$ cat protein-v6.cif   # mmCIF, C-alpha atoms
data_query
loop_
_atom_site.group_PDB
_atom_site.id
_atom_site.type_symbol
_atom_site.label_atom_id
_atom_site.label_comp_id
_atom_site.auth_asym_id
_atom_site.auth_seq_id
_atom_site.Cartn_x
_atom_site.Cartn_y
_atom_site.Cartn_z
ATOM 1 C CA MET C 41 8.495 -18.891 34.394
ATOM 2 C CA GLN C 42 11.415 -21.139 33.549
ATOM 3 C CA ASP C 43 14.465 -19.895 31.669
ATOM 4 C CA THR C 44 14.409 -20.654 27.915
ATOM 5 C CA ASN C 45 17.946 -21.949 28.200
ATOM 6 C CA THR C 46 16.646 -24.833 30.309
ATOM 7 C CA GLU C 47 16.864 -27.988 28.232
ATOM 8 C CA LYS C 48 13.521 -29.747 27.990
ATOM 9 C CA ASN C 49 12.579 -33.308 27.115
ATOM 10 C CA LEU C 50 11.238 -33.975 23.626
ATOM 11 C CA HIS C 51 7.742 -34.492 25.054
ATOM 12 C CA ASP C 52 7.854 -31.428 27.308
ATOM 13 C CA PRO C 53 8.860 -28.454 25.135
ATOM 14 C CA LEU C 54 8.745 -24.983 26.620
ATOM 15 C CA LEU C 55 7.870 -21.703 24.920
ATOM 16 C CA ASP C 56 8.938 -18.625 26.864
ATOM 17 C CA GLU C 57 6.149 -16.053 26.572
ATOM 18 C CA THR C 58 8.676 -13.234 26.319
ATOM 19 C CA THR C 59 10.711 -14.705 23.450
ATOM 20 C CA GLU C 60 10.288 -16.649 20.235
ATOM 21 C CA GLU C 61 12.974 -19.228 21.015
ATOM 22 C CA ARG C 62 12.169 -22.857 21.662
ATOM 23 C CA ARG C 63 14.647 -25.517 22.725
ATOM 24 C CA PHE C 64 14.274 -29.286 22.608
ATOM 25 C CA VAL C 65 16.505 -32.176 23.712
ATOM 26 C CA LEU C 66 16.096 -35.506 21.951
ATOM 27 C CA PRO C 67 15.664 -38.426 24.377
ATOM 28 C CA ILE C 68 18.022 -41.400 24.377
ATOM 29 C CA THR C 69 15.255 -43.507 22.829
ATOM 30 C CA GLN C 70 15.117 -41.256 19.744
ATOM 31 C CA GLU C 71 15.845 -43.016 16.468
ATOM 32 C CA PRO C 72 17.998 -41.148 13.895
ATOM 33 C CA GLU C 73 15.692 -38.947 11.842
ATOM 34 C CA ARG C 74 15.793 -35.956 9.512
ATOM 35 C CA LEU C 75 15.602 -32.552 11.164
ATOM 36 C CA ASP C 76 12.598 -31.268 9.208
ATOM 37 C CA LYS C 77 10.566 -34.398 9.933
ATOM 38 C CA THR C 78 11.323 -34.168 13.635
ATOM 39 C CA LEU C 79 10.393 -30.479 13.758
ATOM 40 C CA ALA C 80 7.093 -31.269 12.052
ATOM 41 C CA LEU C 81 6.289 -33.527 15.033
ATOM 42 C CA LEU C 82 7.555 -31.040 17.612
ATOM 43 C CA LEU C 83 5.823 -27.994 16.100
ATOM 44 C CA PRO C 84 2.668 -29.303 14.385
ATOM 45 C CA GLU C 85 1.148 -25.807 14.399
ATOM 46 C CA HIS C 86 3.565 -24.840 11.600
ATOM 47 C CA SER C 87 3.604 -26.260 8.067
ATOM 48 C CA ARG C 88 6.497 -28.426 6.894
ATOM 49 C CA SER C 89 7.421 -25.874 4.224
ATOM 50 C CA ARG C 90 7.594 -23.067 6.787
ATOM 51 C CA LEU C 91 9.792 -25.135 9.082
ATOM 52 C CA GLN C 92 12.082 -25.979 6.164
ATOM 53 C CA SER C 93 12.407 -22.296 5.302
ATOM 54 C CA TRP C 94 13.379 -21.526 8.897
ATOM 55 C CA ILE C 95 16.082 -24.197 8.721
ATOM 56 C CA GLU C 96 17.478 -22.939 5.424
ATOM 57 C CA ASP C 97 17.438 -19.335 6.682
ATOM 58 C CA GLY C 98 19.484 -20.240 9.749
ATOM 59 C CA HIS C 99 16.747 -19.904 12.364
ATOM 60 C CA VAL C 100 17.203 -23.503 13.554
ATOM 61 C CA GLN C 101 20.376 -24.814 15.209
ATOM 62 C CA VAL C 102 21.403 -28.286 16.276
ATOM 63 C CA ASN C 103 23.975 -28.326 19.068
ATOM 64 C CA GLN C 104 24.510 -24.580 18.451
ATOM 65 C CA GLN C 105 25.342 -25.174 14.776
ATOM 66 C CA VAL C 106 23.373 -24.038 11.744
ATOM 67 C CA VAL C 107 22.510 -27.104 9.661
ATOM 68 C CA ARG C 108 20.486 -27.996 6.552
ATOM 69 C CA THR C 109 17.003 -29.428 6.194
ATOM 70 C CA ARG C 110 18.146 -33.029 5.685
ATOM 71 C CA HIS C 111 20.480 -33.028 8.709
ATOM 72 C CA ILE C 112 20.139 -36.295 10.662
ATOM 73 C CA LEU C 113 19.382 -36.014 14.371
ATOM 74 C CA TYR C 114 20.635 -38.422 17.049
ATOM 75 C CA PRO C 115 19.808 -39.063 20.727
ATOM 76 C CA GLY C 116 20.847 -36.181 22.984
ATOM 77 C CA ASP C 117 20.929 -33.574 20.196
ATOM 78 C CA VAL C 118 19.760 -30.119 21.270
ATOM 79 C CA ILE C 119 17.519 -28.271 18.823
ATOM 80 C CA THR C 120 17.044 -24.516 19.145
ATOM 81 C CA VAL C 121 14.320 -22.876 17.074
ATOM 82 C CA GLN C 122 13.889 -19.127 16.625
ATOM 83 C CA GLU C 123 10.231 -18.952 15.657
ATOM 84 C CA GLN C 124 9.556 -16.424 12.911
ATOM 85 C CA ALA C 125 6.383 -14.495 12.315
ATOM 86 C CA ALA C 126 4.373 -15.780 9.373
ATOM 87 C CA PRO C 127 4.894 -13.477 6.379
ATOM 88 C CA GLU C 128 1.167 -12.923 6.046
ATOM 89 C CA SER C 129 1.036 -11.592 9.607
ATOM 90 C CA THR C 130 2.829 -8.427 8.449
ATOM 91 C CA ALA C 131 1.176 -8.187 5.039
ATOM 92 C CA PHE C 132 -1.175 -5.330 5.922
ATOM 93 C CA THR C 133 1.490 -2.884 7.070
ATOM 94 C CA ALA C 134 2.246 0.555 5.700
ATOM 95 C CA GLU C 135 5.336 0.771 3.504
ATOM 96 C CA PRO C 136 6.732 3.629 1.381
ATOM 97 C CA VAL C 137 5.894 2.059 -1.984
ATOM 98 C CA ASP C 138 5.905 4.538 -4.865
ATOM 99 C CA PHE C 139 2.968 4.643 -7.294
ATOM 100 C CA PRO C 140 1.357 7.426 -9.358
ATOM 101 C CA VAL C 141 -2.131 8.737 -8.606
ATOM 102 C CA LEU C 142 -4.081 10.115 -11.559
ATOM 103 C CA GLU C 143 -6.864 11.747 -9.543
ATOM 104 C CA GLU C 144 -8.504 11.486 -6.137
ATOM 105 C CA SER C 145 -11.512 12.672 -4.166
ATOM 106 C CA ALA C 146 -12.629 12.249 -0.576
ATOM 107 C CA HIS C 147 -14.245 8.963 -1.598
ATOM 108 C CA TRP C 148 -11.952 7.328 -4.182
ATOM 109 C CA ILE C 149 -8.439 7.245 -5.609
ATOM 110 C CA VAL C 150 -7.599 6.450 -9.227
ATOM 111 C CA VAL C 151 -4.167 4.822 -9.329
ATOM 112 C CA ASN C 152 -2.065 4.459 -12.476
ATOM 113 C CA LYS C 153 -0.346 1.217 -11.473
ATOM 114 C CA PRO C 154 3.089 0.637 -13.037
ATOM 115 C CA ALA C 155 4.013 -2.763 -14.444
ATOM 116 C CA GLY C 156 5.899 -4.858 -11.896
ATOM 117 C CA LEU C 157 3.917 -3.689 -8.861
ATOM 118 C CA VAL C 158 1.826 -6.394 -7.173
ATOM 119 C CA THR C 159 -1.662 -5.174 -6.259
ATOM 120 C CA HIS C 160 -2.346 -7.161 -3.081
ATOM 121 C CA PRO C 161 -0.163 -9.222 -0.698
ATOM 122 C CA GLY C 162 -0.160 -12.954 -1.378
ATOM 123 C CA ALA C 163 2.090 -15.986 -1.586
ATOM 124 C CA GLY C 164 5.566 -14.874 -2.603
ATOM 125 C CA ASN C 165 4.652 -11.172 -2.356
ATOM 126 C CA TRP C 166 3.818 -10.337 1.247
ATOM 127 C CA THR C 167 5.413 -6.887 1.192
ATOM 128 C CA GLY C 168 6.117 -4.085 -1.253
ATOM 129 C CA THR C 169 2.652 -4.198 -2.823
ATOM 130 C CA LEU C 170 0.272 -1.450 -3.872
ATOM 131 C CA LEU C 171 -1.793 -2.191 -0.765
ATOM 132 C CA ASN C 172 1.230 -1.543 1.462
ATOM 133 C CA GLY C 173 1.873 1.725 -0.355
ATOM 134 C CA LEU C 174 -1.767 2.796 -0.059
ATOM 135 C CA LEU C 175 -1.695 2.281 3.707
ATOM 136 C CA TYR C 176 1.465 4.411 3.925
ATOM 137 C CA ARG C 177 0.178 7.250 1.736
ATOM 138 C CA TYR C 178 -3.432 7.167 2.996
ATOM 139 C CA PRO C 179 -3.370 5.969 6.643
ATOM 140 C CA GLU C 180 -7.177 6.184 6.893
ATOM 141 C CA LEU C 181 -7.402 3.178 4.572
ATOM 142 C CA ALA C 182 -6.443 0.962 7.520
ATOM 143 C CA SER C 183 -10.122 1.094 8.509
ATOM 144 C CA VAL C 184 -11.333 -0.027 5.056
ATOM 145 C CA ALA C 185 -11.305 -3.688 4.036
ATOM 146 C CA ARG C 186 -8.337 -4.578 1.783
ATOM 147 C CA ALA C 187 -7.205 -0.934 2.080
ATOM 148 C CA GLY C 188 -10.010 0.018 -0.276
ATOM 149 C CA ILE C 189 -8.960 -2.197 -3.186
ATOM 150 C CA VAL C 190 -12.019 -3.342 -5.151
ATOM 151 C CA HIS C 191 -10.401 -4.876 -8.246
ATOM 152 C CA ARG C 192 -6.901 -5.922 -9.279
ATOM 153 C CA LEU C 193 -4.452 -5.824 -12.127
ATOM 154 C CA ASP C 194 -1.863 -8.530 -12.754
ATOM 155 C CA LYS C 195 1.629 -7.712 -11.538
ATOM 156 C CA MET C 196 2.990 -7.113 -15.044
ATOM 157 C CA THR C 197 -0.100 -5.295 -16.352
ATOM 158 C CA SER C 198 -0.010 -1.514 -16.096
ATOM 159 C CA GLY C 199 -2.800 1.023 -15.886
ATOM 160 C CA LEU C 200 -5.833 2.345 -14.067
ATOM 161 C CA MET C 201 -7.445 1.065 -10.880
ATOM 162 C CA VAL C 202 -9.978 2.655 -8.558
ATOM 163 C CA VAL C 203 -9.507 2.409 -4.785
ATOM 164 C CA ALA C 204 -12.245 3.291 -2.273
ATOM 165 C CA ARG C 205 -11.399 5.632 0.605
ATOM 166 C CA THR C 206 -14.427 4.719 2.752
ATOM 167 C CA GLU C 207 -16.414 1.559 3.438
ATOM 168 C CA THR C 208 -19.506 3.172 1.910
ATOM 169 C CA ALA C 209 -17.629 3.988 -1.303
ATOM 170 C CA GLN C 210 -16.148 0.508 -1.397
ATOM 171 C CA THR C 211 -19.579 -1.121 -1.123
ATOM 172 C CA HIS C 212 -20.907 1.150 -3.882
ATOM 173 C CA LEU C 213 -17.990 0.392 -6.227
ATOM 174 C CA VAL C 214 -18.155 -3.360 -5.597
ATOM 175 C CA ARG C 215 -21.847 -3.312 -6.491
ATOM 176 C CA GLN C 216 -21.035 -1.441 -9.698
ATOM 177 C CA LEU C 217 -18.511 -4.135 -10.589
ATOM 178 C CA GLN C 218 -21.037 -6.845 -9.817
ATOM 179 C CA SER C 219 -23.656 -5.149 -12.016
ATOM 180 C CA ARG C 220 -21.006 -4.726 -14.753
ATOM 181 C CA SER C 221 -21.517 -0.984 -14.973
ATOM 182 C CA VAL C 222 -17.845 -0.097 -14.387
ATOM 183 C CA LYS C 223 -16.185 0.542 -17.750
ATOM 184 C CA ARG C 224 -12.693 -0.891 -18.176
ATOM 185 C CA GLU C 225 -10.838 -0.535 -21.446
ATOM 186 C CA TYR C 226 -7.463 -2.142 -22.161
ATOM 187 C CA ARG C 227 -4.926 -1.775 -24.948
ATOM 188 C CA ALA C 228 -3.036 -4.913 -25.993
ATOM 189 C CA LEU C 229 -0.329 -5.859 -28.482
ATOM 190 C CA VAL C 230 -0.869 -9.410 -29.697
ATOM 191 C CA HIS C 231 0.525 -11.960 -32.108
ATOM 192 C CA GLY C 232 -1.163 -12.436 -35.491
ATOM 193 C CA PHE C 233 -3.839 -10.552 -37.405
ATOM 194 C CA VAL C 234 -6.941 -10.212 -35.213
ATOM 195 C CA ALA C 235 -10.465 -9.980 -36.688
ATOM 196 C CA PRO C 236 -11.881 -6.436 -36.910
ATOM 197 C CA GLU C 237 -14.098 -6.947 -33.855
ATOM 198 C CA GLY C 238 -15.859 -9.582 -31.818
ATOM 199 C CA THR C 239 -16.818 -10.966 -28.422
ATOM 200 C CA ILE C 240 -15.178 -13.887 -26.635
ATOM 201 C CA ASN C 241 -17.688 -15.536 -24.320
ATOM 202 C CA ILE C 242 -15.927 -18.577 -22.858
ATOM 203 C CA PRO C 243 -15.827 -19.509 -19.142
ATOM 204 C CA ILE C 244 -12.452 -19.372 -17.407
ATOM 205 C CA GLY C 245 -11.206 -21.566 -14.546
ATOM 206 C CA ARG C 246 -7.959 -22.741 -13.005
ATOM 207 C CA ASP C 247 -5.668 -24.760 -15.272
ATOM 208 C CA PRO C 248 -5.766 -28.268 -13.742
ATOM 209 C CA HIS C 249 -2.187 -28.973 -14.827
ATOM 210 C CA VAL C 250 -0.379 -25.655 -14.132
ATOM 211 C CA PRO C 251 -1.384 -23.963 -10.849
ATOM 212 C CA VAL C 252 -0.272 -20.442 -11.886
ATOM 213 C CA ARG C 253 -2.285 -20.533 -15.116
ATOM 214 C CA MET C 254 -5.942 -20.029 -15.898
ATOM 215 C CA ALA C 255 -7.642 -21.789 -18.804
ATOM 216 C CA VAL C 256 -10.810 -21.604 -20.855
ATOM 217 C CA ASN C 257 -13.239 -24.175 -19.452
ATOM 218 C CA GLY C 258 -10.716 -24.984 -16.709
ATOM 219 C CA SER C 259 -11.466 -26.206 -13.187
ATOM 220 C CA ALA C 260 -14.569 -24.571 -11.648
ATOM 221 C CA PRO C 261 -15.036 -22.285 -14.675
ATOM 222 C CA ARG C 262 -16.853 -18.966 -14.307
ATOM 223 C CA GLU C 263 -18.510 -16.821 -16.945
ATOM 224 C CA ALA C 264 -16.036 -14.562 -18.756
ATOM 225 C CA ILE C 265 -16.897 -12.070 -21.521
ATOM 226 C CA THR C 266 -14.388 -9.913 -23.406
ATOM 227 C CA HIS C 267 -15.335 -7.527 -26.207
ATOM 228 C CA PHE C 268 -12.583 -6.485 -28.617
ATOM 229 C CA HIS C 269 -11.901 -4.532 -31.748
ATOM 230 C CA CYS C 270 -8.693 -4.326 -33.721
ATOM 231 C CA LEU C 271 -7.151 -0.886 -34.211
ATOM 232 C CA ARG C 272 -4.522 -1.926 -36.748
ATOM 233 C CA HIS C 273 -2.372 -4.732 -38.075
ATOM 234 C CA GLY C 274 1.378 -4.619 -38.542
ATOM 235 C CA LEU C 275 4.490 -6.531 -39.526
ATOM 236 C CA ALA C 276 7.830 -6.637 -37.802
ATOM 237 C CA GLU C 277 11.107 -8.510 -38.233
ATOM 238 C CA ARG C 278 10.967 -11.483 -40.623
ATOM 239 C CA GLY C 279 7.411 -10.569 -41.570
ATOM 240 C CA ILE C 280 5.908 -11.602 -38.226
ATOM 241 C CA ALA C 281 2.322 -10.355 -37.809
ATOM 242 C CA PHE C 282 0.980 -8.337 -34.887
ATOM 243 C CA SER C 283 -2.202 -6.477 -33.997
ATOM 244 C CA GLU C 284 -3.035 -3.610 -31.668
ATOM 245 C CA VAL C 285 -6.318 -4.406 -29.948
ATOM 246 C CA VAL C 286 -8.781 -2.612 -27.686
ATOM 247 C CA CYS C 287 -10.427 -4.924 -25.138
ATOM 248 C CA LYS C 288 -13.423 -4.093 -22.963
ATOM 249 C CA LEU C 289 -14.270 -6.293 -20.002
ATOM 250 C CA GLU C 290 -17.809 -7.273 -19.159
ATOM 251 C CA THR C 291 -16.549 -9.616 -16.418
ATOM 252 C CA GLY C 292 -13.299 -9.543 -14.491
ATOM 253 C CA ARG C 293 -11.766 -12.999 -14.180
ATOM 254 C CA THR C 294 -8.123 -13.615 -13.340
ATOM 255 C CA HIS C 295 -5.956 -13.230 -16.489
ATOM 256 C CA GLN C 296 -9.167 -12.844 -18.525
ATOM 257 C CA ILE C 297 -7.835 -10.907 -21.529
ATOM 258 C CA ARG C 298 -4.636 -12.935 -21.624
ATOM 259 C CA VAL C 299 -6.492 -16.256 -21.566
ATOM 260 C CA HIS C 300 -9.238 -15.247 -23.980
ATOM 261 C CA LEU C 301 -6.910 -13.858 -26.651
ATOM 262 C CA ALA C 302 -4.540 -16.816 -26.304
ATOM 263 C CA SER C 303 -7.536 -19.138 -26.813
ATOM 264 C CA GLN C 304 -8.063 -17.461 -30.201
ATOM 265 C CA LYS C 305 -4.412 -18.064 -31.184
ATOM 266 C CA HIS C 306 -3.520 -14.426 -30.472
ATOM 267 C CA PRO C 307 -1.454 -14.446 -27.251
ATOM 268 C CA LEU C 308 -0.178 -11.143 -25.937
ATOM 269 C CA LEU C 309 3.282 -10.143 -27.034
ATOM 270 C CA GLY C 310 5.655 -10.883 -24.149
ATOM 271 C CA ASP C 311 3.197 -13.146 -22.303
ATOM 272 C CA GLU C 312 5.216 -16.359 -22.113
ATOM 273 C CA LEU C 313 2.785 -17.952 -19.651
ATOM 274 C CA TYR C 314 0.157 -18.102 -22.395
ATOM 275 C CA GLY C 315 2.298 -18.621 -25.463
ATOM 276 C CA GLY C 316 3.447 -15.076 -26.254
ATOM 277 C CA LYS C 317 7.028 -14.350 -27.276
ATOM 278 C CA ASN C 318 9.539 -11.990 -25.697
ATOM 279 C CA MET C 319 10.540 -10.049 -28.790
ATOM 280 C CA LEU C 320 10.802 -6.474 -30.069
ATOM 281 C CA GLY C 321 11.967 -5.518 -26.571
ATOM 282 C CA ALA C 322 8.807 -6.745 -24.810
ATOM 283 C CA GLU C 323 9.801 -7.947 -21.331
ATOM 284 C CA ARG C 324 6.252 -8.363 -20.000
ATOM 285 C CA GLN C 325 2.782 -8.951 -21.375
ATOM 286 C CA MET C 326 1.906 -5.939 -23.530
ATOM 287 C CA LEU C 327 -1.315 -5.043 -21.747
ATOM 288 C CA HIS C 328 -2.338 -1.660 -20.322
ATOM 289 C CA ALA C 329 -5.561 -0.660 -18.549
ATOM 290 C CA ARG C 330 -6.042 2.545 -20.501
ATOM 291 C CA GLY C 331 -9.613 3.622 -19.652
ATOM 292 C CA LEU C 332 -11.724 3.532 -16.487
ATOM 293 C CA GLY C 333 -15.206 4.857 -15.830
ATOM 294 C CA PHE C 334 -17.576 4.548 -12.871
ATOM 295 C CA GLU C 335 -20.350 6.317 -11.002
ATOM 296 C CA ASP C 336 -19.015 8.540 -8.227
ATOM 297 C CA PRO C 337 -20.336 6.926 -5.019
ATOM 298 C CA ALA C 338 -20.832 10.347 -3.413
ATOM 299 C CA THR C 339 -22.420 12.367 -6.236
ATOM 300 C CA GLY C 340 -23.887 9.760 -8.563
ATOM 301 C CA GLN C 341 -22.158 11.471 -11.477
ATOM 302 C CA TRP C 342 -20.250 9.485 -14.087
ATOM 303 C CA VAL C 343 -16.483 9.995 -13.953
ATOM 304 C CA GLN C 344 -14.048 8.745 -16.563
ATOM 305 C CA PHE C 345 -10.273 8.585 -16.840
ATOM 306 C CA GLU C 346 -7.623 7.718 -19.404
ATOM 307 C CA SER C 347 -3.982 6.732 -19.008
ATOM 308 C CA ALA C 348 -1.391 7.143 -21.752
ATOM 309 C CA LEU C 349 0.439 4.013 -22.829
ATOM 310 C CA PRO C 350 3.654 3.453 -20.847
ATOM 311 C CA ASP C 351 7.057 3.960 -22.433
ATOM 312 C CA ASP C 352 7.834 0.249 -22.805
ATOM 313 C CA MET C 353 4.664 -0.388 -24.839
ATOM 314 C CA ASN C 354 5.301 2.645 -27.023
ATOM 315 C CA ALA C 355 8.840 1.421 -27.689
ATOM 316 C CA VAL C 356 7.495 -1.964 -28.833
ATOM 317 C CA ARG C 357 4.852 -0.312 -31.024
ATOM 318 C CA GLU C 358 7.568 1.665 -32.788
ATOM 319 C CA CYS C 359 9.248 -1.607 -33.840
ATOM 320 C CA ILE C 360 6.181 -2.597 -35.883
ATOM 321 C CA GLU C 361 5.256 -1.293 -39.328
ATOM 322 C CA TRP C 362 1.562 -0.593 -38.946
ATOM 323 C CA LYS C 363 -1.320 -0.468 -41.382
ATOM 324 C CA ILE C 364 -5.061 -0.017 -40.866
ATOM 325 C CA PRO C 365 -6.877 -3.410 -40.981
#
$ encode --input "protein-v6.cif" --output "structure tokens"
Amino acid sequence: MQDTNTEKNLHDPLLDETTEERRFVLPITQEPERLDKTLALLLPEHSRSRLQSWIEDGHVQVNQQVVRTRHILYPGDVITVQEQAAPESTAFTAEPVDFPVLEESAHWIVVNKPAGLVTHPGAGNWTGTLLNGLLYRYPELASVARAGIVHRLDKMTSGLMVVARTETAQTHLVRQLQSRSVKREYRALVHGFVAPEGTINIPIGRDPHVPVRMAVNGSAPREAITHFHCLRHGLAERGIAFSEVVCKLETGRTHQIRVHLASQKHPLLGDELYGGKNMLGAERQMLHARGLGFEDPATGQWVQFESALPDDMNAVRECIEWKIP
């Protein structure tokens, strides 16, 4: 095997099997070109955005100097690349992530997820997720798909989730979700005076204009049904109206409650993505998964759990002068 310090021609790059360093020498026929564009030709197995991140993080040098993405290369320049593992390659690793467990059995775990904790690794959040913490606290979950996770909560939504501890339990719970027999009850603080009760039955799909948003009747819409009833109305500073609402999911689409209530002109307090306002101390969407019920996969018995509202939601509630609707 040749030494990685050996300079190779542009068309004959060498990857040492014992290292992650690659070195290239631009031929004398090379026209001046941007570094990121040249690397995209040299390393087509990596995306342009990944290569650019390596450059900006100092993992690429030109003539032994750290440079920027738009650096112009010239004939004879030596490029050294320290290849980095893709972030998703380490996503399913155990990490000491703290999260409260409400109850557990040999077949399931009921987690009381705090706001701010991402459920599952994904773009921008490859580490420090609930999944990483589950693998650390329950090592046996490494043999269960997605570490036993069968449904998710948004990062800034708090509350109850069930996690399967075995493949058999996971299959059973997924089927319950598909048959809509799992009971999920949420508590929300929203803008405006909500009707006493009702059902929102409007399909939800991806917002065609804003990738991080969902929308009613968006791209590739799927059936979405939310049942709600209003617990109370209230007024806060400057006479602004709010409601405390109980929502029960029949389906489980991404951002379902947030999108459905916003479509009725009642966005969640603190949910800026869907038109809510950060006021009364709300620094996230005021949404909590308060109740969870399902059939125990091992016994067939119905089990049910409740989670008290978190401190930040209680603090916001105390800023509102409530009355029964």
$ closest_residue --input "protein-v6.cif" --among "C:Ile240, C:Ala329, C:Ile265, C:Leu79" --to "Glu123 (chain C)" --atoms "all atoms listed in the file"
C:Leu79
$ closest_residue --input "protein-v6.cif" --among "C:Ser183, C:Thr69, C:Ser198, C:Thr78" --to "Arg324 (chain C)" --atoms "only C-alpha atoms"
C:Ser198
$ residues_around --input "protein-v6.cif" --residues "region 202-217 of chain C" --least-positions-apart "2" --cutoff "8 Å" --atoms "all atoms listed in the file" --output "PyMOL selection string"
chain C and resi 146-151+180-181+184-185+187-191+200+219-222+334-335+337-338
$ write_last_selection --input "protein-v6.cif" --atoms "C-alpha atoms" --output "PDB file, keeping the file's coordinate frame"
ATOM      1  CA  ALA C 146     -12.629  12.249  -0.576  1.00  0.00           C
ATOM      2  CA  HIS C 147     -14.245   8.963  -1.598  1.00  0.00           C
ATOM      3  CA  TRP C 148     -11.952   7.328  -4.182  1.00  0.00           C
ATOM      4  CA  ILE C 149      -8.439   7.245  -5.609  1.00  0.00           C
ATOM      5  CA  VAL C 150      -7.599   6.450  -9.227  1.00  0.00           C
ATOM      6  CA  VAL C 151      -4.167   4.822  -9.329  1.00  0.00           C
ATOM      7  CA  GLU C 180      -7.177   6.184   6.893  1.00  0.00           C
ATOM      8  CA  LEU C 181      -7.402   3.178   4.572  1.00  0.00           C
ATOM      9  CA  VAL C 184     -11.333  -0.027   5.056  1.00  0.00           C
ATOM     10  CA  ALA C 185     -11.305  -3.688   4.036  1.00  0.00           C
ATOM     11  CA  ALA C 187      -7.205  -0.934   2.080  1.00  0.00           C
ATOM     12  CA  GLY C 188     -10.010   0.018  -0.276  1.00  0.00           C
ATOM     13  CA  ILE C 189      -8.960  -2.197  -3.186  1.00  0.00           C
ATOM     14  CA  VAL C 190     -12.019  -3.342  -5.151  1.00  0.00           C
ATOM     15  CA  HIS C 191     -10.401  -4.876  -8.246  1.00  0.00           C
ATOM     16  CA  LEU C 200      -5.833   2.345 -14.067  1.00  0.00           C
ATOM     17  CA  SER C 219     -23.656  -5.149 -12.016  1.00  0.00           C
ATOM     18  CA  ARG C 220     -21.006  -4.726 -14.753  1.00  0.00           C
ATOM     19  CA  SER C 221     -21.517  -0.984 -14.973  1.00  0.00           C
ATOM     20  CA  VAL C 222     -17.845  -0.097 -14.387  1.00  0.00           C
ATOM     21  CA  PHE C 334     -17.576   4.548 -12.871  1.00  0.00           C
ATOM     22  CA  GLU C 335     -20.350   6.317 -11.002  1.00  0.00           C
ATOM     23  CA  PRO C 337     -20.336   6.926  -5.019  1.00  0.00           C
ATOM     24  CA  ALA C 338     -20.832  10.347  -3.413  1.00  0.00           C
TER      25      ALA C 338
END
$ resolve_selection --input "protein-v6.cif" --expression "the PyMOL selection byres ((chain C and resi 276) around 12)" --output "PDB file with C-alpha atoms, in the coordinates of the input"
ATOM      1  CA  HIS C 231       0.525 -11.960 -32.108  1.00  0.00           C
ATOM      2  CA  GLY C 232      -1.163 -12.436 -35.491  1.00  0.00           C
ATOM      3  CA  HIS C 273      -2.372  -4.732 -38.075  1.00  0.00           C
ATOM      4  CA  GLY C 274       1.378  -4.619 -38.542  1.00  0.00           C
ATOM      5  CA  LEU C 275       4.490  -6.531 -39.526  1.00  0.00           C
ATOM      6  CA  GLU C 277      11.107  -8.510 -38.233  1.00  0.00           C
ATOM      7  CA  ARG C 278      10.967 -11.483 -40.623  1.00  0.00           C
ATOM      8  CA  GLY C 279       7.411 -10.569 -41.570  1.00  0.00           C
ATOM      9  CA  ILE C 280       5.908 -11.602 -38.226  1.00  0.00           C
ATOM     10  CA  ALA C 281       2.322 -10.355 -37.809  1.00  0.00           C
ATOM     11  CA  PHE C 282       0.980  -8.337 -34.887  1.00  0.00           C
ATOM     12  CA  SER C 283      -2.202  -6.477 -33.997  1.00  0.00           C
ATOM     13  CA  MET C 319      10.540 -10.049 -28.790  1.00  0.00           C
ATOM     14  CA  LEU C 320      10.802  -6.474 -30.069  1.00  0.00           C
ATOM     15  CA  VAL C 356       7.495  -1.964 -28.833  1.00  0.00           C
ATOM     16  CA  ARG C 357       4.852  -0.312 -31.024  1.00  0.00           C
ATOM     17  CA  GLU C 358       7.568   1.665 -32.788  1.00  0.00           C
ATOM     18  CA  CYS C 359       9.248  -1.607 -33.840  1.00  0.00           C
ATOM     19  CA  ILE C 360       6.181  -2.597 -35.883  1.00  0.00           C
ATOM     20  CA  GLU C 361       5.256  -1.293 -39.328  1.00  0.00           C
ATOM     21  CA  TRP C 362       1.562  -0.593 -38.946  1.00  0.00           C
ATOM     22  CA  LYS C 363      -1.320  -0.468 -41.382  1.00  0.00           C
TER      23      LYS C 363
END
$ atom_distance --input "protein-v6.cif" --atom1 "CA of Pro161 (chain C)" --atom2 "CA of Val230 (chain C)"
29.0 Å
$ axis_aligned_box --input "protein-v6.cif" --around "region 218-232 of chain C" --padding-each-side "5 Å" --output "lines of an AutoDock Vina configuration file"
center_x = -11.6
center_y = -5.9
center_z = -22.7
size_x = 34.2
size_y = 23.0
size_z = 35.7
$ resolve_selection --input "protein-v6.cif" --expression "the PyMOL selection byres ((chain C and resi 247) around 10)" --output "list in words"
Ile244, Gly245, Arg246, Pro248, His249, Val250, Pro251, Val252, Arg253, Met254, Ala255, Val256, Asn257, Gly258, Ser259, Ala260 and Pro261 of chain C
$ closest_residue --input "protein-v6.cif" --among "C:Tyr178, C:Tyr226, C:Trp342, C:Trp94" --to "Cys287 (chain C)" --atoms "all atoms listed in the file"
C:Tyr226
$ atom_distance --input "protein-v6.cif" --atom1 "CA of Asn241 (chain C)" --atom2 "CA of Lys317 (chain C)"
24.9 Å
$ closest_residue --input "protein-v6.cif" --among "C:Pro140, C:Gly164, C:Gly98, C:Gly310" --to "Thr120 (chain C)" --atoms "only C-alpha atoms"
C:Gly98
$ resolve_selection --input "protein-v6.cif" --expression "the PyMOL selection byres ((chain C and resi 171) around 7)" --output "compact mmCIF listing (two decimals) with C-alpha atoms, in the coordinates of the input"
# COMPACT_ATOMS: atom_id res chain seq x y z
CA THR C 159 -1.66 -5.17 -6.26
CA HIS C 160 -2.35 -7.16 -3.08
CA THR C 169 2.65 -4.20 -2.82
CA LEU C 170 0.27 -1.45 -3.87
CA ASN C 172 1.23 -1.54 1.46
CA GLY C 173 1.87 1.72 -0.36
CA LEU C 174 -1.77 2.80 -0.06
CA LEU C 175 -1.70 2.28 3.71
CA ALA C 187 -7.20 -0.93 2.08
